[in-house]
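Q: Just one file: input02.cif, with mmCIF, C-alpha atoms.
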data_my_file
#
loop_
_atom_site.label_atom_id
_atom_site.label_comp_id
_atom_site.auth_asym_id
_atom_site.auth_seq_id
_atom_site.Cartn_x
_atom_site.Cartn_y
_atom_site.Cartn_z
CA MET A 1 80.61 128.38 93.34
CA LEU A 2 81.82 128.58 96.91
CA PRO A 3 79.47 129.82 99.66
CA VAL A 4 79.48 133.58 100.33
CA LEU A 5 79.26 134.52 104.02
CA ASP A 6 78.51 138.05 105.24
CA LEU A 7 80.16 138.74 108.58
CA GLY A 8 78.19 141.97 108.79
CA LEU A 9 75.11 139.86 109.60
CA ALA A 10 76.73 138.18 112.59
CA ASP A 11 75.92 140.92 115.08
CA ASP A 12 72.19 140.94 114.29
CA ASP A 13 71.72 137.21 113.72
CA PRO A 14 74.72 135.29 115.10
CA ARG A 15 72.92 131.94 115.14
CA SER A 16 72.20 132.08 111.40
CA PHE A 17 75.74 133.25 110.57
CA GLU A 18 77.31 130.53 112.69
CA LEU A 19 75.19 127.85 111.06
CA SER A 20 76.31 129.05 107.62
CA LEU A 21 79.92 129.19 108.81
CA ARG A 22 79.81 125.65 110.16
CA GLU A 23 78.12 124.24 107.07
CA ALA A 24 80.58 125.96 104.70
CA ALA A 25 83.58 124.62 106.62
CA HIS A 26 82.09 121.12 106.94
CA GLY A 27 81.19 121.02 103.25
CA SER A 28 83.82 122.59 101.02
CA GLY A 29 86.20 123.90 103.67
CA PHE A 30 86.38 127.11 101.62
CA PHE A 31 84.18 130.19 101.36
CA TYR A 32 84.15 133.87 100.44
CA LEU A 33 83.91 136.34 103.34
CA VAL A 34 82.32 139.76 102.83
CA GLY A 35 81.03 142.29 105.36
CA HIS A 36 84.31 142.11 107.27
CA GLY A 37 84.70 145.86 107.69
CA ILE A 38 88.05 146.28 105.90
CA GLU A 39 87.79 148.96 103.24
CA ASN A 40 88.36 148.06 99.59
CA ALA A 41 90.83 150.94 99.30
CA ARG A 42 93.01 149.43 102.00
CA MET A 43 92.92 145.98 100.40
CA HIS A 44 93.94 147.47 97.07
CA ASP A 45 96.75 149.46 98.74
CA VAL A 46 98.21 146.26 100.19
CA LEU A 47 98.14 144.59 96.77
CA ARG A 48 99.63 147.68 95.11
CA LEU A 49 102.53 147.72 97.56
CA ALA A 50 103.11 144.02 96.96
CA ARG A 51 103.38 144.72 93.23
CA GLU A 52 105.82 147.55 93.91
CA PHE A 53 108.09 145.15 95.78
CA PHE A 54 108.08 142.56 93.01
CA ALA A 55 109.04 145.30 90.54
CA VAL A 56 112.29 146.21 92.35
CA PRO A 57 115.59 144.89 90.94
CA ASP A 58 116.63 141.37 91.84
CA HIS A 59 119.60 142.54 93.87
CA VAL A 60 117.24 144.46 96.17
CA LYS A 61 115.10 141.36 96.66
CA ASP A 62 118.18 139.24 97.33
CA GLU A 63 119.19 141.55 100.18
CA ILE A 64 116.58 139.66 102.19
CA SER A 65 117.10 136.19 100.73
CA GLN A 66 115.56 133.48 102.89
CA LEU A 67 118.88 131.68 102.76
CA LYS A 68 120.06 134.30 105.28
CA SER A 69 117.34 133.38 107.78
CA PRO A 70 117.36 130.26 109.99
CA HIS A 71 113.75 131.21 110.79
CA PHE A 72 112.50 130.73 107.21
CA ARG A 73 111.79 134.46 106.78
CA GLY A 74 112.46 136.73 103.83
CA TYR A 75 112.47 136.44 100.05
CA SER A 76 112.36 133.24 98.00
CA ARG A 77 113.10 133.63 94.32
CA VAL A 78 110.96 132.06 91.59
CA GLY A 79 111.24 128.31 91.99
CA GLY A 80 112.57 128.68 95.54
CA GLU A 81 109.93 126.54 97.25
CA LEU A 82 108.70 122.97 96.92
CA THR A 83 105.32 121.32 97.35
CA ASN A 84 105.17 117.51 97.23
CA GLY A 85 108.81 117.56 96.17
CA ARG A 86 108.10 119.59 93.02
CA VAL A 87 109.12 123.18 92.34
CA ASP A 88 106.49 125.89 92.85
CA TRP A 89 106.59 128.62 90.22
CA ARG A 90 106.29 131.70 92.42
CA GLU A 91 108.35 134.29 94.26
CA GLN A 92 107.43 135.49 97.73
CA ILE A 93 108.28 137.04 101.07
CA ASP A 94 107.55 135.14 104.27
CA ILE A 95 106.69 137.32 107.28
CA GLY A 96 106.08 136.18 110.84
CA PRO A 97 105.83 137.75 114.27
CA GLU A 98 108.72 140.13 114.96
CA ARG A 99 110.45 138.48 117.92
CA PRO A 100 114.05 137.78 118.95
CA ALA A 101 115.56 134.44 118.07
CA ILE A 102 115.82 131.86 120.87
CA GLU A 103 119.41 131.05 121.74
CA GLY A 104 120.10 127.33 121.41
CA ALA A 105 116.65 126.71 119.91
CA ALA A 106 115.78 123.18 118.85
CA GLY A 107 113.18 121.97 116.38
CA TYR A 108 110.18 124.18 115.83
CA TRP A 109 111.47 126.90 118.18
CA ASN A 110 113.77 127.85 115.32
CA LEU A 111 110.68 129.30 113.64
CA GLN A 112 110.75 132.20 116.12
CA GLY A 113 112.97 135.11 115.14
CA PRO A 114 113.17 138.46 113.37
CA ASN A 115 111.87 139.17 109.90
CA LEU A 116 113.93 140.32 106.93
CA TRP A 117 112.35 143.53 105.63
CA PRO A 118 113.04 144.94 102.14
CA SER A 119 114.66 148.36 101.77
CA GLN A 120 112.21 149.15 98.97
CA PRO A 121 109.43 150.15 98.54
CA ALA A 122 108.84 152.73 101.26
CA ARG A 123 106.16 151.89 103.85
CA PHE A 124 106.39 148.15 103.17
CA ARG A 125 107.10 147.09 106.74
CA GLU A 126 104.63 149.54 108.29
CA THR A 127 101.84 148.54 105.91
CA PHE A 128 102.22 144.80 106.33
CA GLU A 129 102.64 144.92 110.10
CA GLN A 130 99.38 146.86 110.31
CA TRP A 131 97.75 144.42 107.88
CA GLU A 132 98.82 141.46 110.02
CA ARG A 133 97.21 142.96 113.12
CA THR A 134 93.97 143.75 111.30
CA VAL A 135 93.58 140.37 109.62
CA SER A 136 94.57 138.46 112.76
CA GLY A 137 91.78 140.26 114.61
CA LEU A 138 89.36 139.26 111.87
CA GLY A 139 90.50 135.64 112.02
CA LEU A 140 90.09 135.45 115.79
CA ARG A 141 86.58 136.85 115.47
CA LEU A 142 85.73 134.08 113.00
CA LEU A 143 87.29 131.47 115.25
CA ARG A 144 85.06 132.48 118.18
CA HIS A 145 81.99 132.13 115.97
CA TRP A 146 83.24 128.71 114.87
CA ALA A 147 83.73 127.50 118.43
CA HIS A 148 80.21 128.57 119.38
CA SER A 149 78.73 126.95 116.27
CA LEU A 150 80.29 123.63 117.35
CA GLY A 151 78.68 123.68 120.77
CA ALA A 152 81.74 124.98 122.63
CA PRO A 153 82.25 128.30 124.47
CA GLU A 154 83.27 131.02 122.03
CA THR A 155 86.52 131.34 124.04
CA ALA A 156 87.51 127.70 123.40
CA PHE A 157 90.53 128.64 121.26
CA ASP A 158 91.51 131.83 123.08
CA ASP A 159 94.22 130.30 125.30
CA ALA A 160 96.10 128.98 122.26
CA PHE A 161 96.36 132.54 120.94
CA ALA A 162 96.74 134.37 124.26
CA THR A 163 100.52 134.66 124.15
CA ALA A 164 102.96 134.67 121.23
CA PRO A 165 100.74 133.51 118.35
CA ALA A 166 102.90 132.36 115.44
CA THR A 167 100.88 133.66 112.52
CA LEU A 168 102.53 133.50 109.10
CA MET A 169 101.90 135.86 106.20
CA LYS A 170 103.16 135.57 102.64
CA VAL A 171 103.36 138.17 99.89
CA VAL A 172 103.33 136.15 96.68
CA ARG A 173 103.67 136.62 92.94
CA TYR A 174 103.13 133.87 90.36
CA PRO A 175 104.83 134.92 87.08
CA GLY A 176 103.46 133.85 83.74
CA THR A 177 105.13 130.83 82.17
CA SER A 178 104.67 128.26 79.43
CA ASP A 179 107.14 125.84 81.03
CA HIS A 180 105.50 125.10 84.39
CA SER A 181 101.96 124.16 85.37
CA GLN A 182 102.48 124.17 89.15
CA GLY A 183 102.18 127.61 90.68
CA VAL A 184 101.90 125.87 94.03
CA GLY A 185 101.15 122.19 94.33
CA ALA A 186 98.17 120.55 96.00
CA HIS A 187 98.37 120.88 99.77
CA LYS A 188 96.56 121.59 103.03
CA ASP A 189 97.45 124.53 105.26
CA SER A 190 99.15 123.61 108.53
CA GLY A 191 97.58 126.26 110.78
CA VAL A 192 94.06 127.02 111.98
CA LEU A 193 92.59 129.06 109.16
CA THR A 194 93.74 131.08 106.16
CA LEU A 195 92.42 134.42 104.91
CA LEU A 196 93.52 135.07 101.33
CA LEU A 197 93.62 138.46 99.64
CA VAL A 198 94.03 138.21 95.87
CA GLU A 199 94.05 140.71 93.03
CA PRO A 200 90.82 141.13 91.06
CA ASP A 201 90.67 139.22 87.75
CA SER A 202 93.36 136.75 88.89
CA THR A 203 93.05 133.12 87.91
CA GLY A 204 94.65 129.87 89.02
CA LEU A 205 93.35 128.97 92.49
CA GLN A 206 91.63 125.59 92.53
CA VAL A 207 89.94 123.62 95.33
CA GLU A 208 89.48 119.84 95.44
CA THR A 209 85.79 119.28 96.18
CA THR A 210 85.91 115.48 95.92
CA PRO A 211 88.96 113.27 95.25
CA ASP A 212 90.58 114.44 91.99
CA THR A 213 87.72 116.86 91.23
CA TRP A 214 88.92 120.46 91.15
CA ILE A 215 86.95 123.70 90.80
CA ASP A 216 88.25 127.16 89.94
CA VAL A 217 87.99 129.80 92.67
CA PRO A 218 88.08 133.27 91.09
CA PRO A 219 88.49 136.36 93.30
CA MET A 220 85.46 138.33 94.44
CA ASP A 221 85.98 142.07 94.78
CA GLY A 222 86.15 143.12 98.42
CA ALA A 223 86.07 139.53 99.71
CA PHE A 224 88.58 137.31 101.42
CA ILE A 225 88.81 133.67 100.37
CA VAL A 226 88.84 131.70 103.63
CA ASN A 227 89.78 128.08 104.24
CA ILE A 228 90.36 125.98 107.32
CA GLY A 229 93.71 124.46 108.19
CA GLU A 230 94.82 121.14 109.62
CA LEU A 231 94.53 122.27 113.25
CA LEU A 232 90.78 122.86 112.92
CA GLU A 233 90.52 119.37 111.46
CA VAL A 234 92.25 118.05 114.59
CA ALA A 235 90.16 120.24 116.92
CA THR A 236 86.92 118.86 115.54
CA GLY A 237 87.92 115.22 115.12
CA GLY A 238 87.55 115.63 111.38
CA TYR A 239 84.05 117.14 111.42
CA LEU A 240 85.77 120.07 109.76
CA ARG A 241 88.38 118.78 107.34
CA ALA A 242 91.08 120.87 105.73
CA THR A 243 90.67 120.86 101.95
CA ARG A 244 93.45 120.40 99.44
CA HIS A 245 93.99 123.31 97.09
CA ARG A 246 96.53 124.43 94.52
CA VAL A 247 97.40 127.28 92.15
CA VAL A 248 97.89 126.67 88.46
CA ALA A 249 100.73 128.81 87.10
CA PRO A 250 99.53 131.74 84.96
CA GLY A 251 100.13 131.69 81.22
CA PRO A 252 102.71 133.84 79.42
CA GLY A 253 102.08 137.58 79.62
CA THR A 254 100.04 137.34 82.83
CA ASP A 255 100.79 136.94 86.52
CA ARG A 256 99.03 136.64 89.88
CA VAL A 257 99.65 138.52 93.14
CA SER A 258 98.15 137.42 96.45
CA VAL A 259 98.63 137.86 100.20
CA PRO A 260 97.68 134.77 102.23
CA HIS A 261 97.44 135.17 106.00
CA PHE A 262 97.77 131.93 107.98
CA LEU A 263 96.23 132.40 111.43
CA SER A 264 98.14 130.21 113.84
CA PRO A 265 98.47 129.90 117.63
CA ALA A 266 101.65 129.86 119.72
CA LEU A 267 104.31 127.42 118.57
CA ASP A 268 103.88 125.26 121.67
CA ALA A 269 100.09 125.55 121.75
CA VAL A 270 98.21 122.24 121.72
CA VAL A 271 94.97 122.73 119.87
CA PRO A 272 91.97 121.86 122.07
CA VAL A 273 89.75 119.02 120.91
CA ILE A 274 86.11 120.10 121.05
CA GLU A 275 83.51 117.69 122.35
CA LEU A 276 80.93 117.97 119.59
CA PRO A 277 77.18 117.63 120.12
CA PRO A 278 76.05 114.09 119.26
CA GLU A 279 74.33 115.14 116.02
CA LEU A 280 77.61 116.69 114.77
CA ALA A 281 79.85 113.92 116.11
CA LEU A 282 77.91 111.43 113.99
CA GLN A 283 78.95 113.39 110.90
CA SER A 284 82.65 113.48 111.79
CA ARG A 285 84.91 111.84 109.24
CA GLY A 286 87.88 111.53 111.57
CA VAL A 287 91.25 113.21 111.13
CA GLU A 288 92.81 112.14 107.85
CA ASN A 289 95.47 109.49 108.34
CA ASP A 290 98.08 110.12 105.65
CA PRO A 291 101.50 108.61 106.45
CA ASP A 292 103.07 111.10 104.03
CA ASN A 293 101.49 114.02 105.86
CA PRO A 294 101.08 113.40 109.59
CA ILE A 295 99.03 116.06 111.39
CA TYR A 296 100.22 117.13 114.84
CA ARG A 297 98.14 118.75 117.60
CA THR A 298 101.03 121.01 118.62
CA TYR A 299 101.15 123.83 116.10
CA GLY A 300 104.93 124.16 116.07
CA GLU A 301 105.38 120.52 115.08
CA ASN A 302 102.91 120.91 112.24
CA ALA A 303 104.55 124.12 111.04
CA TRP A 304 108.08 122.69 111.29
CA LYS A 305 106.97 119.73 109.17
CA SER A 306 105.68 122.07 106.47
CA ARG A 307 108.51 124.62 106.50
CA THR A 308 111.37 122.13 106.35
CA ARG A 309 109.72 120.31 103.46
CA ALA A 310 108.93 123.47 101.52
CA HIS A 311 112.40 125.03 101.93
CA PRO A 312 114.91 122.15 102.08
CA ASP A 313 117.85 124.43 101.27
CA VAL A 314 117.20 126.58 104.33
CA ALA A 315 116.56 123.46 106.43
CA GLN A 316 119.87 121.91 105.38
CA LEU A 317 121.95 125.10 105.46
CA HIS A 318 120.86 126.26 108.91
CA HIS A 319 119.63 123.11 110.64
CA GLY A 320 121.49 120.21 109.01
CA ILE A 321 118.28 118.56 107.82
CA ALA A 322 119.00 116.62 104.64
CA PRO A 323 116.14 116.66 102.13
CA ALA A 324 114.40 113.32 101.66
CA GLU A 325 114.28 112.63 97.92
CA GLN A 326 113.75 116.31 97.18
CA ARG A 327 115.81 118.27 94.73
CA SER A 328 117.39 121.56 95.71
CA THR A 329 115.36 124.70 95.12
CA TYR A 330 118.45 126.89 94.55
#
Step by step, read the file and then write its structure as structure tokens.
A:
Amino acid sequence: MLPVLDLGLADDDPRSFELSLREAAHGSGFFYLVGHGIENARMHDVLRLAREFFAVPDHVKDEISQLKSPHFRGYSRVGGELTNGRVDWREQIDIGPERPAIEGAAGYWNLQGPNLWPSQPARFRETFEQWERTVSGLGLRLLRHWAHSLGAPETAFDDAFATAPATLMKVVRYPGTSDHSQGVGAHKDSGVLTLLLVEPDSTGLQVETTPDTWIDVPPMDGAFIVNIGELLEVATGGYLRATRHRVVAPGPGTDRVSVPHFLSPALDAVVPVIELPPELALQSRGVENDPDNPIYRTYGENAWKSRTRAHPDVAQLHHGIAPAEQRSTY
């Protein structure tokens, strides 16, 4: 069972909350967050609207195909994304900050641009733009507690988010299947932290607690599932280490709907490295050195790495990046 943290206690006893926050992130890298102040009814409304979108006809979904977006926004059909070079069995919409594209952009600056919004259902854009603002505020509140718990000023990460944060949100459905086991393959998240909203009674999310040891992470009503990303690993010299996780594809006759929110700074933000107190520095494991998955301090580089790998068709079509030993997703 993952730790359960109550943010509602932070105002009365911030020291105790921050200790629990630090220990959860240092240990499993994952925890449940309750007491966050977002009403259950609103969380359920977001999930209901997600389901309404996935129920529209395919031609409506394809109006916003990600193949139309050089910014990796819009709808990816089932099987339209890769993790570790293997097909993920899910369909989804990718949503980022609504900003104009940069003329003549190179590299990760191509990630800035407008979203592709579906024509159905009604209120989709309004609801998810409001959701992004609310959950981003929650994530920044957590991040300030984290900084303080690590011996830094609570504002340590503020500059990275002060202008043009590049947060990414996905609206995801994993259809039931007997032919695929990989809903999404084992991976780490490339940003700072992730707040996951998932339907009650869903199954499939698993976290790697020790090498090749996986535990199931069922939803908890009214709670977010929170995990740290690669940039917090960099910021703490590996004292906090991003944890691999995956989703096992649901069986026939079932499915899974979730809305992950990846809190991320500006594309050109360089994550600050916190000077840890000696007693914490002694427990640092160092930033993982994986030649197949380099971790960059500049968020845009880390995100560009992940997006071009996950969507090689978009990368090749719009940016001329040939996939390296990866099969096409379309």
Q: For a cut-off of 6 Å around (103.8, 133.9, 105.0), file coordinates, pick out all residues using all atoms listed in the file and list them as a list in words.
A: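 Selection result: Asp94, Ile95, Leu168, Met169 and Lys170 of chain A.
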Q: If I wrap all listed atoms of region 198-203 of chain A in a box with edges along x, y and z and add 6 Å on each side, what are its centre and edge lengths in Å to one decimal, as JSON?
A:
{"center_x": 92.4, "center_y": 137.1, "center_z": 91.8, "size_x": 15.4, "size_y": 20.0, "size_z": 20.1}
Q: Quick one: everything within 10 Å of region 105-107 of chain A, counting only C-alpha atoms, minus sequence neighbours fewer than 4 positions away in the same chain. Send it as number ranges by chain.
A: A: 101, 111-112, 300-301, 304-305, 319
Q: Please write the residues from the selection above to a file, keeping C-alpha atoms, as a short mmCIF file (atom, residue, chain, number, x, y, z; two decimals), in the frame of the given file.
A:
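The resulting file, selection_27.cif, is shown below:
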data_model
loop_
_atom_site.label_atom_id
_atom_site.label_comp_id
_atom_site.auth_asym_id
_atom_site.auth_seq_id
_atom_site.Cartn_x
_atom_site.Cartn_y
_atom_site.Cartn_z
CA ALA A 101 115.56 134.44 118.07
CA LEU A 111 110.68 129.30 113.64
CA GLN A 112 110.75 132.20 116.12
CA GLY A 300 104.93 124.16 116.07
CA GLU A 301 105.38 120.52 115.08
CA TRP A 304 108.08 122.69 111.29
CA LYS A 305 106.97 119.73 109.17
CA HIS A 319 119.63 123.11 110.64
#
Q: Work out how far CA of Ser76 (chain A) is from CA of His318 (chain A), in Å to one decimal.
A: 15.5 Å
Q: Applying 12 Å and all atoms listed in the file, which residues near Asp179 (chain A) remain after dropping the ones on its own chain fewer than 2 positions away? List them as JSON, numbers by chain.
A: {"A": [79, 87, 88, 89, 175, 176, 177, 181, 182, 183, 248, 249, 250, 251, 252]}
Q: For Leu7 (chain A), which of A:Leu150, A:Ile93, A:Val247, A:Leu142 is the closest residue, counting all atoms listed in the file?
A: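 Looking only at the distances to Leu7 (chain A), the closest residue turns out to be A:Leu142.
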Q: If you apply the PyMOL selection byres ((chain A and resi 294-298) around 10) to this file, what residues do you get, as a VMD selection string?
A: chain A and resid 190 230 to 235 265 to 273 287 to 293 299 to 303 305
Q: For the residues selected in the previous step, produce a file with C-alpha atoms as a short mmCIF file (atom, residue, chain, number, x, y, z; two decimals), in the coordinates of the input.
A:
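Contents of out-v4.cif, as written:
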data_model
loop_
_atom_site.label_atom_id
_atom_site.label_comp_id
_atom_site.auth_asym_id
_atom_site.auth_seq_id
_atom_site.Cartn_x
_atom_site.Cartn_y
_atom_site.Cartn_z
CA SER A 190 99.15 123.61 108.53
CA GLU A 230 94.82 121.14 109.62
CA LEU A 231 94.53 122.27 113.25
CA LEU A 232 90.78 122.86 112.92
CA GLU A 233 90.52 119.37 111.46
CA VAL A 234 92.25 118.05 114.59
CA ALA A 235 90.16 120.24 116.92
CA PRO A 265 98.47 129.90 117.63
CA ALA A 266 101.65 129.86 119.72
CA LEU A 267 104.31 127.42 118.57
CA ASP A 268 103.88 125.26 121.67
CA ALA A 269 100.09 125.55 121.75
CA VAL A 270 98.21 122.24 121.72
CA VAL A 271 94.97 122.73 119.87
CA PRO A 272 91.97 121.86 122.07
CA VAL A 273 89.75 119.02 120.91
CA VAL A 287 91.25 113.21 111.13
CA GLU A 288 92.81 112.14 107.85
CA ASN A 289 95.47 109.49 108.34
CA ASP A 290 98.08 110.12 105.65
CA PRO A 291 101.50 108.61 106.45
CA ASP A 292 103.07 111.10 104.03
CA ASN A 293 101.49 114.02 105.86
CA TYR A 299 101.15 123.83 116.10
CA GLY A 300 104.93 124.16 116.07
CA GLU A 301 105.38 120.52 115.08
CA ASN A 302 102.91 120.91 112.24
CA ALA A 303 104.55 124.12 111.04
CA LYS A 305 106.97 119.73 109.17
#
Q: So which residues touch Asp313 (chain A) within 12 Å, counting all atoms listed in the file, skipping near sequence neighbours fewer than 2 positions away, as a PDB file with C-alpha atoms, keeping the file's coordinate frame?
A:
ATOM      1  CA  SER A  65     117.100 136.190 100.730  1.00  0.00           C
ATOM      2  CA  GLN A  66     115.560 133.480 102.890  1.00  0.00           C
ATOM      3  CA  LEU A  67     118.880 131.680 102.760  1.00  0.00           C
ATOM      4  CA  LYS A  68     120.060 134.300 105.280  1.00  0.00           C
ATOM      5  CA  SER A  69     117.340 133.380 107.780  1.00  0.00           C
ATOM      6  CA  PRO A  70     117.360 130.260 109.990  1.00  0.00           C
ATOM      7  CA  PHE A  72     112.500 130.730 107.210  1.00  0.00           C
ATOM      8  CA  SER A  76     112.360 133.240  98.000  1.00  0.00           C
ATOM      9  CA  GLY A  80     112.570 128.680  95.540  1.00  0.00           C
ATOM     10  CA  GLU A  81     109.930 126.540  97.250  1.00  0.00           C
ATOM     11  CA  LEU A  82     108.700 122.970  96.920  1.00  0.00           C
ATOM     12  CA  ARG A 307     108.510 124.620 106.500  1.00  0.00           C
ATOM     13  CA  THR A 308     111.370 122.130 106.350  1.00  0.00           C
ATOM     14  CA  ARG A 309     109.720 120.310 103.460  1.00  0.00           C
ATOM     15  CA  ALA A 310     108.930 123.470 101.520  1.00  0.00           C
ATOM     16  CA  HIS A 311     112.400 125.030 101.930  1.00  0.00           C
ATOM     17  CA  ALA A 315     116.560 123.460 106.430  1.00  0.00           C
ATOM     18  CA  GLN A 316     119.870 121.910 105.380  1.00  0.00           C
ATOM     19  CA  LEU A 317     121.950 125.100 105.460  1.00  0.00           C
ATOM     20  CA  HIS A 318     120.860 126.260 108.910  1.00  0.00           C
ATOM     21  CA  HIS A 319     119.630 123.110 110.640  1.00  0.00           C
ATOM     22  CA  GLY A 320     121.490 120.210 109.010  1.00  0.00           C
ATOM     23  CA  ILE A 321     118.280 118.560 107.820  1.00  0.00           C
ATOM     24  CA  ALA A 322     119.000 116.620 104.640  1.00  0.00           C
ATOM     25  CA  PRO A 323     116.140 116.660 102.130  1.00  0.00           C
ATOM     26  CA  ALA A 324     114.400 113.320 101.660  1.00  0.00           C
ATOM     27  CA  GLN A 326     113.750 116.310  97.180  1.00  0.00           C
ATOM     28  CA  ARG A 327     115.810 118.270  94.730  1.00  0.00           C
ATOM     29  CA  SER A 328     117.390 121.560  95.710  1.00  0.00           C
ATOM     30  CA  THR A 329     115.360 124.700  95.120  1.00  0.00           C
ATOM     31  CA  TYR A 330     118.450 126.890  94.550  1.00  0.00           C
TER      32      TYR A 330
END
Q: Quick one: pull the distance between CA of Ser202 (chain A) and CA of Phe224 (chain A), Å, one decimal.
A: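 About the pair CA of Ser202 (chain A) and CA of Phe224 (chain A): they are 13.4 Å apart.
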Q: The PyMOL selection byres ((chain A and resi 207-211) around 10) - which residues does that actually catch in the file I just gave you? List them as a ChimeraX atom specification.
A: /A:2,27-30,186-187,205-206,212-217,227,243-247
Q: Rounded to one decimal, what separation in Å do you get between CA of Asn110 (chain A) and CA of Glu132 (chain A)?
A: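 These two atoms are separated by 20.9 Å.
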Q: Apply the PyMOL selection byres ((chain A and resi 5) around 6) to the structure shown and report the selected residues as a list in words.
A: Val4, Asp6 and Leu33 of chain A
Q: Anything within 6 Å of (99.5, 133.0, 114.7): list those residues as a ChimeraX atom specification, counting all atoms listed in the file and sticking to the file's coordinates.
A: /A:165-167,263-265
Q: At a cut-off of 9 Å, using only C-alpha atoms, what residues contact Pro118 (chain A)? Leave out same-chain residues fewer than 2 positions from it and give the result as a PDB file with C-alpha atoms, keeping the file's coordinate frame.
A:
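Below you can see result08.pdb, which holds the result:
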ATOM      1  CA  PHE A  53     108.090 145.150  95.780  1.00  0.00           C
ATOM      2  CA  VAL A  60     117.240 144.460  96.170  1.00  0.00           C
ATOM      3  CA  LYS A  61     115.100 141.360  96.660  1.00  0.00           C
ATOM      4  CA  GLU A  63     119.190 141.550 100.180  1.00  0.00           C
ATOM      5  CA  ILE A  64     116.580 139.660 102.190  1.00  0.00           C
ATOM      6  CA  GLY A  74     112.460 136.730 103.830  1.00  0.00           C
ATOM      7  CA  TYR A  75     112.470 136.440 100.050  1.00  0.00           C
ATOM      8  CA  LEU A 116     113.930 140.320 106.930  1.00  0.00           C
ATOM      9  CA  GLN A 120     112.210 149.150  98.970  1.00  0.00           C
ATOM     10  CA  PRO A 121     109.430 150.150  98.540  1.00  0.00           C
ATOM     11  CA  ALA A 122     108.840 152.730 101.260  1.00  0.00           C
ATOM     12  CA  PHE A 124     106.390 148.150 103.170  1.00  0.00           C
ATOM     13  CA  ARG A 125     107.100 147.090 106.740  1.00  0.00           C
TER      14      ARG A 125
END
Q: Taking into account all atoms listed in the file, which residue in the set A:Arg90, A:Asn40, A:Gly151, A:Gly191 is nearest to Glu279 (chain A)?
A: A:Gly151
Q: Have a look at A:Arg48, A:Leu143, A:Asp159, A:Ser178 and name the one nearest to Gly253 (chain A); count only C-alpha atoms.
A: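 Nearest candidate to Gly253 (chain A) out of A:Arg48, A:Leu143, A:Asp159, A:Ser178: A:Ser178.
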Q: Pick the closest to Ala162 (chain A) from A:Ala147, A:Val56, A:Met1, A:Leu140: which is it, counting all atoms listed in the file?
A: A:Leu140
Q: Name the closest residue to Tyr32 (chain A) among the candidates A:Val198, A:Val259, A:Val314, A:Leu282; distances are taken between atoms, counting all atoms listed in the file.
A: A:Val198
Q: With all atoms listed in the file as the counted atoms, please give the residues lying no more than 6 Å from Ile225 (chain A), apart from itself and same-chain residues fewer than 2 positions off, as a VMD selection string.
A: chain A and resid 31 to 32 195 to 196
Q: Taking all atoms listed in the file into account, name the residue in A:Leu240, A:His71, A:Pro218, A:Pro260 that is nearest to Trp109 (chain A).
A: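 For Trp109 (chain A), the nearest of the given residues is A:His71.
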